[in-house]
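Asks: File target_35.pdb follows (PDB, C-alpha atoms):
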```pdb
ATOM      1  CA  MET V 119     -16.879  -2.175  -9.940
ATOM      2  CA  SER V 120     -13.384  -2.680 -11.305
ATOM      3  CA  SER V 121     -10.736  -3.690  -8.834
ATOM      4  CA  LEU V 122      -6.975  -4.044  -8.728
ATOM      5  CA  GLN V 123      -7.267  -7.628  -7.488
ATOM      6  CA  GLY V 124      -6.377  -8.913 -10.939
ATOM      7  CA  TYR V 125      -3.054  -7.083 -10.847
ATOM      8  CA  VAL V 126      -1.875  -8.322  -7.448
ATOM      9  CA  ASP V 127       1.494 -10.082  -7.520
ATOM     10  CA  ARG V 128       2.048  -8.949 -11.093
ATOM     11  CA  ARG V 129       4.567  -6.462 -12.345
ATOM     12  CA  VAL V 130       2.789  -3.165 -13.060
ATOM     13  CA  LEU V 131       3.608   0.256 -14.416
ATOM     14  CA  VAL V 132       2.224   3.198 -12.450
ATOM     15  CA  ILE V 133       2.052   6.753 -13.746
ATOM     16  CA  LEU V 134       1.833   9.487 -11.119
ATOM     17  CA  GLN V 135       0.374  12.970 -11.413
ATOM     18  CA  ASP V 136       3.818  14.563 -11.544
ATOM     19  CA  GLY V 137       4.638  12.526 -14.654
ATOM     20  CA  ARG V 138       6.797   9.921 -12.927
ATOM     21  CA  VAL V 139       6.784   6.364 -14.242
ATOM     22  CA  ILE V 140       7.260   3.669 -11.587
ATOM     23  CA  ILE V 141       7.488  -0.064 -12.232
ATOM     24  CA  GLY V 142       7.043  -2.588  -9.458
ATOM     25  CA  MET V 143       5.305  -5.710  -8.168
ATOM     26  CA  LEU V 144       1.828  -4.892  -6.882
ATOM     27  CA  ALA V 145       1.912  -6.242  -3.338
ATOM     28  CA  GLY V 146      -1.305  -4.614  -2.133
ATOM     29  CA  TYR V 147      -3.979  -2.004  -2.627
ATOM     30  CA  ASP V 148      -7.035  -0.606  -0.905
ATOM     31  CA  GLN V 149     -10.349   1.084  -1.696
ATOM     32  CA  LYS V 150      -8.722   4.478  -2.156
ATOM     33  CA  SER V 151      -6.263   2.992  -4.673
ATOM     34  CA  ASN V 152      -3.335   3.466  -2.319
ATOM     35  CA  VAL V 153      -0.833   0.978  -3.673
ATOM     36  CA  VAL V 154       2.088  -1.034  -2.296
ATOM     37  CA  LEU V 155       4.843  -1.699  -4.835
ATOM     38  CA  SER V 156       7.733  -3.999  -3.999
ATOM     39  CA  ASP V 157      11.048  -4.104  -5.830
ATOM     40  CA  SER V 158      10.115  -0.903  -7.631
ATOM     41  CA  LYS V 159      12.141   1.174 -10.077
ATOM     42  CA  GLU V 160      11.582   4.591 -11.544
ATOM     43  CA  ARG V 161      12.085   4.949 -15.284
ATOM     44  CA  VAL V 162      13.306   8.349 -16.358
ATOM     45  CA  TYR V 163      12.937   9.046 -20.063
ATOM     46  CA  ASN V 164      15.180  11.528 -21.835
ATOM     47  CA  THR V 165      15.334  12.966 -25.335
ATOM     48  CA  ASP V 166      19.124  12.760 -25.616
ATOM     49  CA  GLU V 167      20.119  10.118 -23.074
ATOM     50  CA  PRO V 168      19.235   6.453 -22.621
ATOM     51  CA  VAL V 169      16.455   5.525 -20.208
ATOM     52  CA  GLU V 170      17.588   5.721 -16.597
ATOM     53  CA  GLU V 171      16.248   3.112 -14.182
ATOM     54  CA  ILE V 172      16.467   4.129 -10.515
ATOM     55  CA  PRO V 173      15.882   1.296  -8.029
ATOM     56  CA  LEU V 174      13.518   2.380  -5.253
ATOM     57  CA  GLY V 175      12.654  -0.715  -3.222
ATOM     58  CA  LEU V 176       9.389  -0.851  -1.257
ATOM     59  CA  TYR V 177       7.028   1.963  -2.119
ATOM     60  CA  LEU V 178       3.656   2.982  -0.714
ATOM     61  CA  VAL V 179       1.989   5.351  -3.196
ATOM     62  CA  LYS V 180      -1.071   7.371  -2.254
ATOM     63  CA  GLY V 181      -4.048   6.671  -4.453
ATOM     64  CA  ASP V 182      -4.867  10.292  -5.157
ATOM     65  CA  GLN V 183      -1.507  10.713  -6.893
ATOM     66  CA  ILE V 184      -1.998   7.791  -9.275
ATOM     67  CA  VAL V 185      -3.123   8.424 -12.841
ATOM     68  CA  LEU V 186      -2.776   4.973 -14.353
ATOM     69  CA  ILE V 187      -1.829   1.408 -13.426
ATOM     70  CA  GLY V 188      -1.066  -1.016 -16.204
ATOM     71  CA  GLU V 189       0.086  -4.626 -16.203
ATOM     72  CA  LEU V 190       3.548  -5.047 -17.658
ATOM     73  CA  ASP V 191       4.119  -7.564 -20.405
ATOM     74  CA  LEU V 192       7.276  -9.148 -18.994
ATOM     75  CA  GLU V 193       8.411 -10.710 -22.263
ATOM     76  CA  GLU V 194       8.165  -7.473 -24.167
ATOM     77  CA  ASP V 195       9.822  -5.593 -21.360
ATOM     78  CA  GLU V 196      12.794  -8.011 -21.330
ATOM     79  CA  SER V 197      13.200  -7.693 -25.081
ATOM     80  CA  THR V 198      13.198  -3.889 -25.183
ATOM     81  CA  ASP V 199      16.670  -2.383 -25.154
ATOM     82  CA  LEU V 200      16.314   0.603 -22.847
ATOM     83  CA  SER V 201      19.646   2.089 -23.898
ATOM     84  CA  ASN V 202      18.288   2.740 -27.376
ATOM     85  CA  ILE V 203      15.123   4.485 -26.299
ATOM     86  CA  ARG V 204      14.886   8.257 -26.421
ATOM     87  CA  ALA V 205      11.670   9.909 -25.338
ATOM     88  CA  GLU V 206      10.368  13.111 -23.877
ATOM     89  CA  PRO V 207       9.539  12.760 -20.202
ATOM     90  CA  LEU V 208       5.848  13.011 -19.319
ATOM     91  CA  PRO V 209       4.764  16.420 -18.078
ATOM     92  CA  ALA V 210       2.889  16.790 -14.800
ATOM     93  CA  ILE V 211      -0.892  16.697 -14.917
ATOM     94  CA  ARG V 212      -2.668  19.981 -15.604
ATOM     95  CA  TYR V 213      -6.168  20.502 -14.326
TER      96      TYR V 213
ATOM     97  CA  MET P 185      -1.892  -6.826   1.740
ATOM     98  CA  LEU P 186      -3.395  -3.496   2.637
ATOM     99  CA  PRO P 187      -1.232  -0.376   2.394
ATOM    100  CA  LEU P 188      -2.445   0.786   5.819
ATOM    101  CA  SER P 189      -1.610  -2.524   7.465
ATOM    102  CA  LEU P 190       1.880  -2.302   5.998
ATOM    103  CA  LEU P 191       2.180   1.208   7.409
ATOM    104  CA  ASN P 192       0.955   0.120  10.831
ATOM    105  CA  ALA P 193       3.558  -2.616  10.850
ATOM    106  CA  ALA P 194       6.234  -0.076   9.961
ATOM    107  CA  GLN P 195       6.085   1.638  13.347
ATOM    108  CA  ASN P 196       9.555   2.513  14.655
ATOM    109  CA  LYS P 197      11.069   1.828  11.251
ATOM    110  CA  PRO P 198      12.895   4.489   9.225
ATOM    111  CA  MET P 199      11.199   5.809   6.136
ATOM    112  CA  LEU P 200      11.170   8.568   3.597
ATOM    113  CA  VAL P 201       8.002  10.554   3.008
ATOM    114  CA  GLU P 202       7.582  12.795   0.000
ATOM    115  CA  LEU P 203       4.816  15.344   0.083
ATOM    116  CA  LYS P 204       2.790  16.598  -2.849
ATOM    117  CA  ASN P 205       4.854  19.796  -2.862
ATOM    118  CA  GLY P 206       8.093  17.823  -3.215
ATOM    119  CA  GLU P 207       9.394  18.249   0.323
ATOM    120  CA  THR P 208      10.920  15.096   1.791
ATOM    121  CA  PHE P 209      10.935  13.922   5.374
ATOM    122  CA  ASN P 210      13.327  11.221   6.540
ATOM    123  CA  GLY P 211      12.524   9.799   9.943
ATOM    124  CA  HIS P 212      11.237   6.973  12.102
ATOM    125  CA  LEU P 213       7.505   6.332  12.125
ATOM    126  CA  VAL P 214       5.921   6.876  15.510
ATOM    127  CA  ASN P 215       2.265   6.398  14.670
ATOM    128  CA  CYS P 216      -0.265   6.489  11.866
ATOM    129  CA  ASP P 217      -4.021   6.445  11.411
ATOM    130  CA  ASN P 218      -6.630   5.519   8.829
ATOM    131  CA  PHE P 219      -6.203   8.804   6.987
ATOM    132  CA  MET P 220      -2.467   8.075   6.748
ATOM    133  CA  ASN P 221      -1.751  11.042   9.019
ATOM    134  CA  ILE P 222       1.647  10.171  10.521
ATOM    135  CA  THR P 223       4.000  11.281  13.237
ATOM    136  CA  LEU P 224       7.730  10.889  12.736
ATOM    137  CA  ARG P 225      10.664  11.383  15.101
ATOM    138  CA  GLU P 226      14.290  12.353  14.419
ATOM    139  CA  VAL P 227      13.284  13.882  11.121
ATOM    140  CA  TYR P 228      15.448  15.377   8.384
ATOM    141  CA  GLN P 229      13.322  17.688   6.272
ATOM    142  CA  THR P 230      14.433  18.794   2.805
ATOM    143  CA  ASN P 231      12.848  21.425   0.608
ATOM    144  CA  PRO P 232      11.679  20.541  -2.935
ATOM    145  CA  ASP P 233      14.857  21.872  -4.574
ATOM    146  CA  GLY P 234      17.027  19.787  -2.270
ATOM    147  CA  ASP P 235      19.155  22.691  -1.108
ATOM    148  CA  ARG P 236      17.747  23.473   2.327
ATOM    149  CA  PHE P 237      17.674  21.114   5.280
ATOM    150  CA  TRP P 238      16.057  21.104   8.696
ATOM    151  CA  LYS P 239      16.331  18.683  11.590
ATOM    152  CA  LEU P 240      13.147  18.182  13.583
ATOM    153  CA  LYS P 241      12.747  16.135  16.736
ATOM    154  CA  GLU P 242       9.180  15.267  15.886
ATOM    155  CA  CYS P 243       6.720  16.124  13.179
ATOM    156  CA  TYR P 244       3.119  15.454  12.219
ATOM    157  CA  ILE P 245       2.241  15.036   8.561
ATOM    158  CA  ARG P 246      -1.339  15.149   7.342
ATOM    159  CA  GLY P 247      -2.089  12.141   5.170
ATOM    160  CA  SER P 248      -3.733  14.182   2.437
ATOM    161  CA  THR P 249      -0.433  15.958   1.743
ATOM    162  CA  ILE P 250       1.568  12.778   1.203
ATOM    163  CA  LYS P 251       2.612  11.746  -2.297
ATOM    164  CA  TYR P 252       4.389   8.531  -1.370
ATOM    165  CA  LEU P 253       6.376   6.733   1.318
ATOM    166  CA  ARG P 254       9.569   4.733   0.857
ATOM    167  CA  ILE P 255       9.826   1.912   3.337
ATOM    168  CA  PRO P 256      12.680  -0.566   4.083
ATOM    169  CA  ASP P 257      12.385  -3.596   1.781
ATOM    170  CA  THR P 258      12.727  -6.066   4.644
ATOM    171  CA  LEU P 259       9.397  -4.892   6.057
ATOM    172  CA  LEU P 260       7.261  -6.491   3.349
ATOM    173  CA  ASP P 261       8.512 -10.007   4.013
ATOM    174  CA  ALA P 262       8.358  -9.470   7.770
ATOM    175  CA  VAL P 263       4.713  -8.389   7.600
ATOM    176  CA  LYS P 264       3.661 -11.152   5.196
ATOM    177  CA  GLU P 265       5.279 -13.735   7.457
ATOM    178  CA  GLU P 266       3.565 -12.281  10.491
ATOM    179  CA  GLN P 267       0.196 -12.408   8.718
ATOM    180  CA  THR P 268       0.591 -16.075   7.771
ATOM    181  CA  ARG P 269       1.761 -16.868  11.296
ATOM    182  CA  ALA P 270      -1.256 -15.069  12.781
ATOM    183  CA  ARG P 271      -3.543 -16.927  10.388
ATOM    184  CA  GLU P 272      -2.045 -20.290  11.324
ATOM    185  CA  ALA P 273      -2.382 -19.428  15.013
ATOM    186  CA  GLY P 274      -6.023 -18.457  14.469
ATOM    187  CA  ARG P 275      -6.719 -21.658  12.560
ATOM    188  CA  SER P 276      -5.144 -23.940  15.118
ATOM    189  CA  ALA P 277      -6.998 -22.107  17.898
ATOM    190  CA  ARG P 278     -10.230 -22.704  15.997
ATOM    191  CA  GLY P 279      -9.438 -26.373  15.483
ATOM    192  CA  ALA P 280      -8.880 -26.797  19.227
ATOM    193  CA  HIS P 281     -12.545 -26.004  19.968
ATOM    194  CA  VAL P 282     -14.504 -29.082  21.067
ATOM    195  CA  SER P 283     -17.933 -28.544  19.512
ATOM    196  CA  GLY P 284     -18.588 -27.539  15.905
ATOM    197  CA  VAL P 285     -21.598 -25.354  16.780
ATOM    198  CA  GLY P 286     -20.605 -21.740  17.307
ATOM    199  CA  ALA P 287     -17.006 -22.352  16.272
ATOM    200  CA  ARG P 288     -15.460 -18.994  16.881
ATOM    201  CA  VAL P 289     -13.952 -17.371  13.852
ATOM    202  CA  VAL P 290     -11.878 -14.377  14.766
ATOM    203  CA  PRO P 291     -10.414 -12.725  11.708
ATOM    204  CA  GLN P 292      -7.390 -10.496  12.036
ATOM    205  CA  VAL P 293      -7.629  -6.769  11.508
ATOM    206  CA  GLY P 294      -7.185  -6.061   7.839
ATOM    207  CA  GLU P 295      -7.645  -9.707   6.880
ATOM    208  CA  VAL P 296      -9.449 -10.242   3.598
ATOM    209  CA  LEU P 297     -12.261 -12.749   3.892
ATOM    210  CA  ARG P 298     -14.541 -14.358   1.398
ATOM    211  CA  ASN P 299     -18.257 -14.203   1.791
ATOM    212  CA  ASP P 300     -19.934 -17.558   1.283
ATOM    213  CA  LEU P 301     -22.723 -15.864  -0.600
ATOM    214  CA  ALA P 302     -20.604 -14.532  -3.456
ATOM    215  CA  VAL P 303     -17.244 -15.969  -4.318
ATOM    216  CA  ASP P 304     -15.518 -12.806  -5.453
ATOM    217  CA  HIS P 305     -17.078 -10.588  -2.841
ATOM    218  CA  HIS P 306     -14.079  -9.520  -0.813
ATOM    219  CA  VAL P 307     -14.730  -8.063   2.572
ATOM    220  CA  VAL P 308     -12.255  -6.587   4.954
ATOM    221  CA  VAL P 309     -12.467  -6.616   8.730
ATOM    222  CA  PRO P 310     -11.989  -2.976   9.620
ATOM    223  CA  THR P 311     -11.359  -2.924  13.348
ATOM    224  CA  GLU P 312     -10.766  -5.312  16.163
ATOM    225  CA  ASP P 313     -13.987  -4.510  17.976
ATOM    226  CA  VAL P 314     -16.062  -5.326  14.924
ATOM    227  CA  ALA P 315     -14.219  -8.593  14.442
ATOM    228  CA  GLU P 316     -14.775  -9.838  17.954
ATOM    229  CA  GLU P 317     -18.374  -8.897  18.503
ATOM    230  CA  GLU P 318     -21.424 -10.661  17.131
ATOM    231  CA  VAL P 319     -19.675 -13.939  16.463
ATOM    232  CA  HIS P 320     -22.371 -16.576  16.415
ATOM    233  CA  ASN P 321     -22.534 -19.952  14.749
ATOM    234  CA  GLY P 322     -19.703 -19.142  12.408
ATOM    235  CA  THR P 323     -21.243 -15.916  11.216
ATOM    236  CA  ILE P 324     -19.935 -12.493  11.962
ATOM    237  CA  LEU P 325     -20.890  -8.880  11.633
ATOM    238  CA  PHE P 326     -18.445  -6.865   9.587
ATOM    239  CA  PHE P 327     -18.173  -4.084   7.090
ATOM    240  CA  SER P 328     -18.638  -5.031   3.474
ATOM    241  CA  CYS P 329     -16.449  -3.015   1.112
ATOM    242  CA  ARG P 330     -18.647  -3.871  -1.855
ATOM    243  CA  ARG P 331     -21.939  -2.993  -0.255
ATOM    244  CA  ARG P 332     -20.431  -0.268   1.934
ATOM    245  CA  SER P 333     -22.585  -1.400   4.820
ATOM    246  CA  LEU P 334     -22.617  -3.666   7.784
ATOM    247  CA  ALA P 335     -23.454  -7.197   6.753
ATOM    248  CA  ARG P 336     -23.706 -10.546   8.430
ATOM    249  CA  CYS P 337     -22.140 -13.421   6.561
ATOM    250  CA  ARG P 338     -20.460 -16.745   7.060
ATOM    251  CA  LEU P 339     -16.722 -16.483   7.133
ATOM    252  CA  ARG P 340     -14.030 -18.404   5.420
ATOM    253  CA  SER P 341     -10.478 -17.123   5.199
ATOM    254  CA  ILE P 342      -8.952 -16.986   1.765
TER     255      ILE P 342
END
```
Take the structure I supplied and represent it as structure tokens, if you would.

Replies:
Amino acid sequence: MSSLQGYVDRRVLVILQDGRVIIGMLAGYDQKSNVVLSDSKERVYNTDEPVEEIPLGLYLVKGDQIVLIGELDLEEDESTDLSNIRAEPLPAIRY
Amino acid sequence: MLPLSLLNAAQNKPMLVELKNGETFNGHLVNCDNFMNITLREVYQTNPDGDRFWKLKECYIRGSTIKYLRIPDTLLDAVKEEQTRAREAGRSARGAHVSGVGARVVPQVGEVLRNDLAVDHHVVVPTEDVAEEEVHNGTILFFSCRRRSLARCRLRSI
């Protein structure tokens, strides 16, 4: 069974069912994939504006809302210039 | 650290709860349970569009309707410190026992323990009554998350 243990205390990117992208440090998780993110920020992508990063602080996200959790490559993240990125925001999930 | 243990430690603290429908509730946490059902007091409710507001003295939110909770940052460090302090207190209490046979190991609720039988087999003590009963010769009865059953194993804190 795969577990989130390998991601603990790493910076991760979480995608929620409403299309939101949250980045934070994985402080904890449980069997239902509820997740604790510390020092988290939301990244809002836009087609005609630079990426907006909204600081959120300590976040407890319910597991049933999570689509994806990925480990962030810190080096690559530092080197990307967010002000130059234009992208369409993710739509919400459709069942 | 478990999300539910963080929530339990957040009692009486202010927080923001967003529901799946986009409504937000700002208030102080009164209580919570294993399903993440919560009761809040002194609540400011906002509709999804952000243009209507209500003030409620108390409200009950069913855990299944919650999308996320925003909690004060200071809480994470406070809870982590409390967990390490509780662990140290438990360890020193254990060390104070005279005989080695039947050394009482009392894990804390929500503590993650390692099973001697399998190194990466994480088990979590679910409730206080399970933790305190059946302690015998350094073994304990607890609920194994992997096996989803009651199991008896030797304990060692991570």

Asks: Quick one: pull the distance between atom CA of V:Pro207 and atom CA of V:Ser158, Å, one decimal.

Replies: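 Answer for the atom CA of V:Pro207 to atom CA of V:Ser158 separation: 18.6 Å.
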
Asks: One decimal, Å: what's the distance from atom CA of V:Ile133 over to atom CA of P:Asp217, could you say?

Replies: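 A separation of 25.9 Å between them.
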
Asks: So the first atom is atom CA of V:Pro209 and the second is atom CA of P:Asn231; what is the distance between them in Å, to one decimal place?

Replies: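 Here the two named atoms are 21.0 Å from each other.
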
Asks: Step by step, work through what the PyMOL selection byres ((chain V) within 8 of (chain P)) selects in the shown file, and finish by giving those residues as a PyMOL selection string.

Replies: chain V and resi 145-149+152-154+156-157+174-180+183

Asks: To verify the selection step, state as JSON, numbers by chain which residues the PyMOL selection byres ((chain V and resi 168) around 12) yields on this input.

Replies: {"V": [161, 162, 163, 164, 165, 166, 167, 169, 170, 171, 199, 200, 201, 202, 203, 204, 205, 206, 207]}

Asks: Going by the chain IDs and residue numbers used in this file, which residues fall under the PyMOL selection byres ((chain V and resi 127) around 10)? Write them as JSON, numbers by chain.

Replies: {"V": [123, 124, 125, 126, 128, 129, 130, 142, 143, 144, 145, 146, 155, 156]}

Asks: Write a file of the just-selected residues containing C-alpha atoms, as a PDB file, in the frame of the given file.

Replies:
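As a result, part-v8.pdb now contains:
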```
ATOM      1  CA  GLN V 123      -7.267  -7.628  -7.488  1.00  0.00           C
ATOM      2  CA  GLY V 124      -6.377  -8.913 -10.939  1.00  0.00           C
ATOM      3  CA  TYR V 125      -3.054  -7.083 -10.847  1.00  0.00           C
ATOM      4  CA  VAL V 126      -1.875  -8.322  -7.448  1.00  0.00           C
ATOM      5  CA  ARG V 128       2.048  -8.949 -11.093  1.00  0.00           C
ATOM      6  CA  ARG V 129       4.567  -6.462 -12.345  1.00  0.00           C
ATOM      7  CA  VAL V 130       2.789  -3.165 -13.060  1.00  0.00           C
ATOM      8  CA  GLY V 142       7.043  -2.588  -9.458  1.00  0.00           C
ATOM      9  CA  MET V 143       5.305  -5.710  -8.168  1.00  0.00           C
ATOM     10  CA  LEU V 144       1.828  -4.892  -6.882  1.00  0.00           C
ATOM     11  CA  ALA V 145       1.912  -6.242  -3.338  1.00  0.00           C
ATOM     12  CA  GLY V 146      -1.305  -4.614  -2.133  1.00  0.00           C
ATOM     13  CA  LEU V 155       4.843  -1.699  -4.835  1.00  0.00           C
ATOM     14  CA  SER V 156       7.733  -3.999  -3.999  1.00  0.00           C
TER      15      SER V 156
END
```

Asks: When you count all atoms listed in the file, which of these residues is closest to P:Phe219: P:Leu240, P:Ile245, P:Ala194, P:Ala270?

Replies: P:Ile245

Asks: Set up a box along x, y and z of the file covering all listed atoms of stretch 199-208 of chain P, add 5 Å on every one of the six sides, and write the centre and edge lengths in Å to one decimal, as lines of an AutoDock Vina configuration file.

Replies:
```
center_x = 7.0
center_y = 12.8
center_z = 1.5
size_x = 18.4
size_y = 24.0
size_z = 19.4
```

Asks: Near V:Lys159, within 6 Å and counting all atoms listed in the file, which residues show up once chain neighbours fewer than 6 positions away are dropped, as a list in words?

Replies: Ile140, Ile141, Ile172, Pro173 and Leu174 of chain V
